[in-house]
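*Asks:* Sharing a structure, written as structure tokens. Questions coming.
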Amino acid sequence: MMFKILVSDPLSEEGIQPLRQADNLEIILATELSHEALLEIVKDVDAILVRSQTQVTREVIEAAMQLKMIGRAGVGVDNIDLEAATEHGIIVVNAPDGNTNSAAEHTIAMMTALARKIPQAFNSLKIGHWDRKSFIGVELKNKTLGVIGLGRIGAEVTARAKGQRMNVIAYDPFLTEEKAKKMGIGFGTIDDVLKAADFITVHTPLLKETRHLLNKEAFEKMKDGVQIINCARGGIIDEDALYNAIVSGKVAGAALDVFETEPFVGHPLLDLPEVIATPHLGASTKEAQESVAVDVSMDVVNFFNGEAVRNPVNLPSVSKEVLAKIAPFLNLAEKLGTFLSRLTDETIVGVTIHYAGELADYDVRALTRNTVKGILKRNLGDHVNDVNAKFLAERFEIKVEEHKTTTTKGFLNLMTVEVRTAVASHRVSGTLLNGLGPRIVKVDDYVVDVVPEGHLLFIKHKDQPGAIGRVGTLLAAKNINIATMQVGRSEVGGNAIMMLTIDNHVAQNETNDLTDLVDIYEVRVIDL
Ligand SMILES: NC(=O)c1ccc[n+]([C@@H]2O[C@H](COP(=O)([O-])OP(=O)(O)OC[C@H]3O[C@@H](n4cnc5c(N)ncnc54)[C@H](O)[C@@H]3O)[C@@H](O)[C@H]2O)c1
Ligand SMILES: O=C(O)[C@H](O)COP(=O)(O)O
């Protein structure tokens, strides 16, 4: 099968070689598209690859009827409507590591250029002035750099600033005093950073909580003559407040690579001599562009070959090591979910998954997701997938819980899934037997041993002589061949179950006459 991949922002040609080499991918390069042209071209594409320019809005996502994946060759995904993508089961991947170094180098370059007024001096020289008085700068050495957001780029900037013999003080919700000590930097609240720093650089994502993080009140808390650097995202700094703080003399200068609205042209900030700026160039190096394009292309290739992606944004990412451990259980989890969904016609309101034995040591989120996917498939078919399973469960107000226990009832590993409806609950347990593969080992209170595969008939009956024979005879009359059969009972002469595997699919209504047989209460067709 061929998949159409739209590349709608300029990506490195070397970087997209993995796409070109894949024989199931057709690449469409179409950059600088108008909004209307984008809406038209996305109609039949399977994936869109972007940088920060293309706005992948809900409207774009909903126009893209075949869309399965959005790839961001870079870090920030604020140009992608993640909620809409998740809702539509579209996986979003990014390339979070490939441009870290370039962005950090750009930040240091901007800080240095700001401190020494290099762009202003160069502009003056270009127009014929040999002016050695107007561009007196400050040294970085012994100055305090305040780093807000100590993630990948913030940490790299910190290491380089220390190389410039600056003192660094950082604020990040995940930064502990111990970690700060280890890094040889100061640690404090955001206010501590604002008050202590001679230079302040922001390296957070743009989130609700970080929008206008540096606003009028924040500027008021800063040292007089502070200098500001933003190579992260426009919007983290309130641009009007920054303008006023520069004009009032509170802020001595600002180096900006990113802006609230891009392209950023004709803005009064650009008229201020204290401001230097670049047009969002933090990641614009040959190395970074090649690296992010390779990373995102590899994930596209993985995805369309049915393999795990490395950098999912709207799925919990699972390390290679964890994936290797849980991969054999993924299929079992989905089958247990599918099996249970067929045991009831009532609305499912809750799902509890008990992980026992070796499973209790693993990160089982992917297994939970697969179980929920199996359950929801009953009503949603292929509309549910790994990406939207959790979202859809929440939307349908199905409470999903995970429990871990070391008690395994004799199995090395055991997954027990329980679904609750308003009137009843059902349970199924499955295990992975060493060398033998997956097995369903218990259904409600009945112990069984069934391979969760193919076409099953789940029959509730009374434990009476002749019940099994009558079922066999009727199925034979319908030319339905039984491949395997398991029976279980609660007590002699009490309630019992049969689990038959049959060679071909039968429709539920083809089994109606089975329930007319004596002692047969209920028959459910389950295709796994
Ligand atoms: N200019 C460019 O071309 C360019 C290039 C790459 C990345 N970026 C941007 O740089 C930023 C950082 O990227 P990264 O790869 O380091 O991301 P990251 O996820 O590794 O780090 C972000 C850090 O911000 C912290 N954070 C979140 N909310 C915070 C808050 N309210 N206060 C303080 N810290 C907070 C997080 O805990 C995290 O440690 C992103 O906005 C990214 O889009 C820009
Ligand atoms: O978030 C990022 O990765 C940077 O802002 C880079 O954006 P770009 O790919 O548009 O240069």
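By convention in this document, the chains of the structure tokens carry letters A, B, ... by their order, each chain's residues are numbered from 1, and ligands are numbered from 1 in the order they are shown.
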With ligand 1 as the partner and 9 Å as the cut-off, tabulate the residues of chain A that qualify, each row holding the nearest pair of atoms and their distance in Å to one decimal, using only C-alpha atoms and all ligand atoms, sorted by chain and rising number, as a tab-separated table.
*Replies:*
residue	atom	partner	partner_atom_place_in_ligand_line	distance
A:Ser52	CA	ligand 1	3 (O)	8.7
A:Gly74	CA	ligand 1	6 (C)	6.5
A:Val75	CA	ligand 1	43 (O)	5.0
A:Gly76	CA	ligand 1	43 (O)	3.5
A:Val77	CA	ligand 1	43 (O)	7.2
A:Asp78	CA	ligand 1	43 (O)	7.9
A:Pro96	CA	ligand 1	15 (O)	5.8
A:Asp97	CA	ligand 1	15 (O)	6.7
A:Gly98	CA	ligand 1	6 (C)	8.6
A:Asn99	CA	ligand 1	6 (C)	5.6
A:Thr100	CA	ligand 1	6 (C)	5.8
A:Asn101	CA	ligand 1	6 (C)	8.6
A:Ser102	CA	ligand 1	5 (C)	7.3
A:Ala103	CA	ligand 1	5 (C)	4.8
A:Ala104	CA	ligand 1	5 (C)	8.1
A:His106	CA	ligand 1	1 (N)	7.9
A:Thr107	CA	ligand 1	1 (N)	8.2
A:Val147	CA	ligand 1	33 (C)	8.5
A:Ile148	CA	ligand 1	33 (C)	5.0
A:Gly149	CA	ligand 1	34 (N)	3.4
A:Leu150	CA	ligand 1	39 (O)	4.6
A:Gly151	CA	ligand 1	21 (O)	3.3
A:Arg152	CA	ligand 1	16 (O)	3.8
A:Ile153	CA	ligand 1	16 (O)	3.7
A:Gly154	CA	ligand 1	16 (O)	5.6
A:Ala155	CA	ligand 1	16 (O)	7.6
A:Glu156	CA	ligand 1	16 (O)	8.5
A:Ala170	CA	ligand 1	33 (C)	8.6
A:Tyr171	CA	ligand 1	33 (C)	5.6
A:Asp172	CA	ligand 1	34 (N)	3.9
A:Pro173	CA	ligand 1	37 (O)	5.4
A:Phe174	CA	ligand 1	37 (O)	5.3
A:Leu175	CA	ligand 1	37 (O)	7.8
A:Ile190	CA	ligand 1	32 (N)	7.3
A:Val202	CA	ligand 1	11 (C)	7.8
A:His203	CA	ligand 1	12 (C)	4.4
A:Thr204	CA	ligand 1	24 (O)	3.6
A:Pro205	CA	ligand 1	41 (O)	3.3
A:Leu206	CA	ligand 1	41 (O)	5.6
A:Leu207	CA	ligand 1	28 (N)	7.2
A:Lys208	CA	ligand 1	31 (N)	8.8
A:Glu209	CA	ligand 1	31 (N)	5.5
A:Thr210	CA	ligand 1	31 (N)	5.0
A:Arg211	CA	ligand 1	31 (N)	8.7
A:Leu213	CA	ligand 1	31 (N)	7.4
A:Asn230	CA	ligand 1	1 (N)	7.9
A:Cys231	CA	ligand 1	1 (N)	4.3
A:Ala232	CA	ligand 1	10 (O)	3.6
A:Arg233	CA	ligand 1	41 (O)	4.9
A:Gly234	CA	ligand 1	41 (O)	8.5
A:Ile236	CA	ligand 1	41 (O)	8.7
A:Leu256	CA	ligand 1	1 (N)	8.9
A:Asp257	CA	ligand 1	1 (N)	5.8
A:Val258	CA	ligand 1	1 (N)	6.1
A:Pro279	CA	ligand 1	1 (N)	8.9
A:His280	CA	ligand 1	3 (O)	5.3
A:Leu281	CA	ligand 1	3 (O)	5.2
A:Gly282	CA	ligand 1	3 (O)	3.3
A:Ala283	CA	ligand 1	3 (O)	4.2
A:Ser284	CA	ligand 1	3 (O)	6.9
*Asks:* Could you take the residues named above and write them with C-alpha atoms, as a compact mmCIF listing (two decimals), in the first residue's frame?
*Replies:*
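Printed below is result-v4.txt as written:
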# COMPACT_ATOMS: atom_id res chain seq x y z
CA SER A 52 6.88 25.93 12.70
CA GLY A 74 11.67 20.34 15.47
CA VAL A 75 10.52 20.71 19.07
CA GLY A 76 7.62 23.15 19.42
CA VAL A 77 4.21 21.80 18.44
CA ASP A 78 2.25 24.96 19.16
CA PRO A 96 12.96 17.01 20.25
CA ASP A 97 16.72 16.47 20.34
CA GLY A 98 17.96 17.36 16.88
CA ASN A 99 18.08 21.14 17.25
CA THR A 100 18.95 21.51 20.95
CA ASN A 101 22.57 22.33 20.28
CA SER A 102 21.82 24.86 17.55
CA ALA A 103 19.19 26.61 19.65
CA ALA A 104 21.57 26.78 22.61
CA HIS A 106 22.01 30.73 18.96
CA THR A 107 20.98 31.81 22.46
CA VAL A 147 17.54 30.71 33.12
CA ILE A 148 13.80 30.15 33.15
CA GLY A 149 13.09 26.61 31.95
CA LEU A 150 15.95 24.18 32.47
CA GLY A 151 15.06 21.51 29.93
CA ARG A 152 17.21 20.38 27.01
CA ILE A 153 18.09 23.84 25.69
CA GLY A 154 18.11 25.61 29.06
CA ALA A 155 20.63 23.07 30.37
CA GLU A 156 22.88 23.46 27.30
CA ALA A 170 17.64 28.83 37.27
CA TYR A 171 13.97 28.21 37.80
CA ASP A 172 12.15 25.17 36.50
CA PRO A 173 9.31 23.32 38.24
CA PHE A 174 11.35 20.12 37.89
CA LEU A 175 14.59 21.58 39.22
CA ILE A 190 10.95 32.55 39.52
CA VAL A 202 13.63 31.90 28.73
CA HIS A 203 13.56 28.26 27.57
CA THR A 204 10.07 27.00 28.37
CA PRO A 205 7.47 25.80 25.90
CA LEU A 206 4.62 28.21 25.21
CA LEU A 207 1.81 26.95 27.43
CA LYS A 208 -1.16 28.54 29.16
CA GLU A 209 1.06 28.84 32.24
CA THR A 210 4.00 30.40 30.38
CA ARG A 211 2.09 32.87 28.17
CA LEU A 213 5.47 34.85 31.94
CA ASN A 230 14.09 34.90 24.04
CA CYS A 231 15.07 32.09 21.68
CA ALA A 232 12.22 29.85 22.87
CA ARG A 233 8.73 30.98 21.85
CA GLY A 234 7.05 34.27 21.12
CA ILE A 236 6.40 33.87 26.68
CA LEU A 256 14.66 38.11 20.28
CA ASP A 257 14.49 35.19 17.87
CA VAL A 258 10.80 34.42 18.30
CA PRO A 279 13.73 35.76 12.19
CA HIS A 280 13.29 32.52 14.18
CA LEU A 281 16.69 31.11 13.28
CA GLY A 282 17.46 29.13 16.44
CA ALA A 283 17.24 25.80 14.63
CA SER A 284 18.47 27.03 11.29
*Asks:* Arg132 (chain A): which residues within 12 Å, counting only C-alpha atoms, same-chain residues fewer than 6 positions away excluded, as a ChimeraX atom specification?
*Replies:* /A:116-118,120-122,124-125
*Asks:* As a PyMOL selection string, which residues of region 361-402 of chain A does DSSP assign to helix (DSSP H, G or I)?
*Replies:* chain A and resi 361+365-383+389-395
*Asks:* Apply DSSP to the backbone of this structure and, from region 58-205 of chain A, keep only the residues in strand (DSSP E or B); write these as a CSV table (one decimal) with N, CA, C and O atoms, in the first residue's frame.
*Replies:*
chain,number,residue,atom,x,y,z
A,69,MET,N,-0.9,10.8,10.4
A,69,MET,CA,0.2,11.3,11.2
A,69,MET,C,0.6,12.7,10.9
A,69,MET,O,0.5,13.1,9.7
A,70,ILE,N,1.1,13.4,11.9
A,70,ILE,CA,1.6,14.8,11.7
A,70,ILE,C,3.0,14.7,12.3
A,70,ILE,O,3.2,14.3,13.4
A,71,GLY,N,4.0,15.1,11.4
A,71,GLY,CA,5.4,15.1,11.9
A,71,GLY,C,5.9,16.5,12.0
A,71,GLY,O,5.8,17.3,11.1
A,72,ARG,N,6.6,16.8,13.1
A,72,ARG,CA,7.1,18.1,13.3
A,72,ARG,C,8.6,18.0,13.4
A,72,ARG,O,9.2,17.4,14.3
A,80,ILE,N,0.4,23.1,15.9
A,80,ILE,CA,-0.4,21.9,15.6
A,80,ILE,C,-1.5,21.8,16.7
A,80,ILE,O,-1.2,21.9,17.9
A,91,ILE,N,-1.6,10.5,15.0
A,91,ILE,CA,-0.4,10.6,15.9
A,91,ILE,C,0.4,11.8,15.5
A,91,ILE,O,0.6,12.1,14.3
A,92,VAL,N,0.9,12.4,16.5
A,92,VAL,CA,1.8,13.6,16.3
A,92,VAL,C,3.2,13.2,16.8
A,92,VAL,O,3.3,12.7,17.9
A,93,VAL,N,4.2,13.3,16.0
A,93,VAL,CA,5.6,13.1,16.4
A,93,VAL,C,6.4,14.3,16.2
A,93,VAL,O,6.1,15.2,15.4
A,94,ASN,N,7.4,14.5,17.0
A,94,ASN,CA,8.4,15.6,16.8
A,94,ASN,C,9.8,15.1,16.8
A,94,ASN,O,10.0,13.9,16.9
A,144,THR,N,25.3,37.6,36.3
A,144,THR,CA,24.3,36.5,36.6
A,144,THR,C,23.3,36.3,35.5
A,144,THR,O,22.7,37.2,35.1
A,145,LEU,N,23.3,35.0,35.0
A,145,LEU,CA,22.3,34.7,34.0
A,145,LEU,C,21.2,33.9,34.7
A,145,LEU,O,21.4,32.9,35.3
A,146,GLY,N,20.0,34.5,34.5
A,146,GLY,CA,18.8,33.8,35.0
A,146,GLY,C,18.2,32.9,33.9
A,146,GLY,O,17.9,33.4,32.8
A,147,VAL,N,18.1,31.6,34.1
A,147,VAL,CA,17.5,30.7,33.1
A,147,VAL,C,16.2,30.3,33.6
A,147,VAL,O,16.0,29.7,34.6
A,148,ILE,N,15.2,30.6,32.8
A,148,ILE,CA,13.8,30.1,33.2
A,148,ILE,C,13.4,29.0,32.2
A,148,ILE,O,13.3,29.2,31.0
A,167,ASN,N,27.7,33.5,36.4
A,167,ASN,CA,26.9,32.7,37.5
A,167,ASN,C,25.5,32.5,36.9
A,167,ASN,O,25.0,33.3,36.3
A,168,VAL,N,25.1,31.3,37.2
A,168,VAL,CA,23.7,30.9,36.7
A,168,VAL,C,22.8,30.7,37.8
A,168,VAL,O,23.1,30.0,38.8
A,169,ILE,N,21.6,31.2,37.7
A,169,ILE,CA,20.5,30.9,38.6
A,169,ILE,C,19.3,30.5,37.8
A,169,ILE,O,19.0,31.1,36.8
A,170,ALA,N,18.7,29.3,38.1
A,170,ALA,CA,17.6,28.8,37.3
A,170,ALA,C,16.4,28.6,38.0
A,170,ALA,O,16.4,28.3,39.2
A,171,TYR,N,15.3,28.6,37.3
A,171,TYR,CA,14.0,28.2,37.8
A,171,TYR,C,13.3,27.3,36.8
A,171,TYR,O,13.2,27.6,35.6
A,186,GLY,N,22.8,28.3,40.8
A,186,GLY,CA,21.9,28.7,41.9
A,186,GLY,C,20.5,28.2,41.6
A,186,GLY,O,20.1,27.9,40.4
A,187,PHE,N,19.7,28.1,42.6
A,187,PHE,CA,18.3,27.6,42.5
A,187,PHE,C,17.4,28.5,43.2
A,187,PHE,O,17.7,29.0,44.3
A,199,PHE,N,21.2,39.1,33.1
A,199,PHE,CA,20.6,38.6,31.8
A,199,PHE,C,19.6,37.6,32.2
A,199,PHE,O,19.8,36.7,33.0
A,200,ILE,N,18.5,37.6,31.5
A,200,ILE,CA,17.4,36.6,31.7
A,200,ILE,C,17.1,35.9,30.3
A,200,ILE,O,16.8,36.6,29.3
A,201,THR,N,17.2,34.6,30.3
A,201,THR,CA,16.9,33.9,29.1
A,201,THR,C,15.8,32.9,29.4
A,201,THR,O,15.8,32.2,30.4
A,202,VAL,N,14.8,32.8,28.5
A,202,VAL,CA,13.6,31.9,28.7
A,202,VAL,C,13.8,30.7,27.8
A,202,VAL,O,14.1,30.8,26.6
*Asks:* Restricting the calculation to only C-alpha atoms, which member of A:Glu274, A:Glu397, A:Glu87, A:Glu62 is positioned closest to Ala254 (chain A)?
*Replies:* A:Glu274
*Asks:* With only C-alpha atoms as the atoms that count, which of A:Ser319, A:Phe329, A:Val487, A:His88 lies nearest to Asp382 (chain A)?
*Replies:*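 Once distances to Asp382 (chain A) are computed over only C-alpha atoms, the minimum belongs to A:His88.
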*Asks:* For Lys43 (chain A), find every residue with an atom within 9 Å (counting only C-alpha atoms), except residues of its own chain fewer than 6 positions away, and show them as a PyMOL selection string.
*Replies:* chain A and resi 60+62-67
*Asks:* Just give me the gap between CA of Asn331 (chain A) and CA of Val417 (chain A) in Å, one decimal is fine.
*Replies:*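 That distance, rounded to one decimal, is 13.9 Å.
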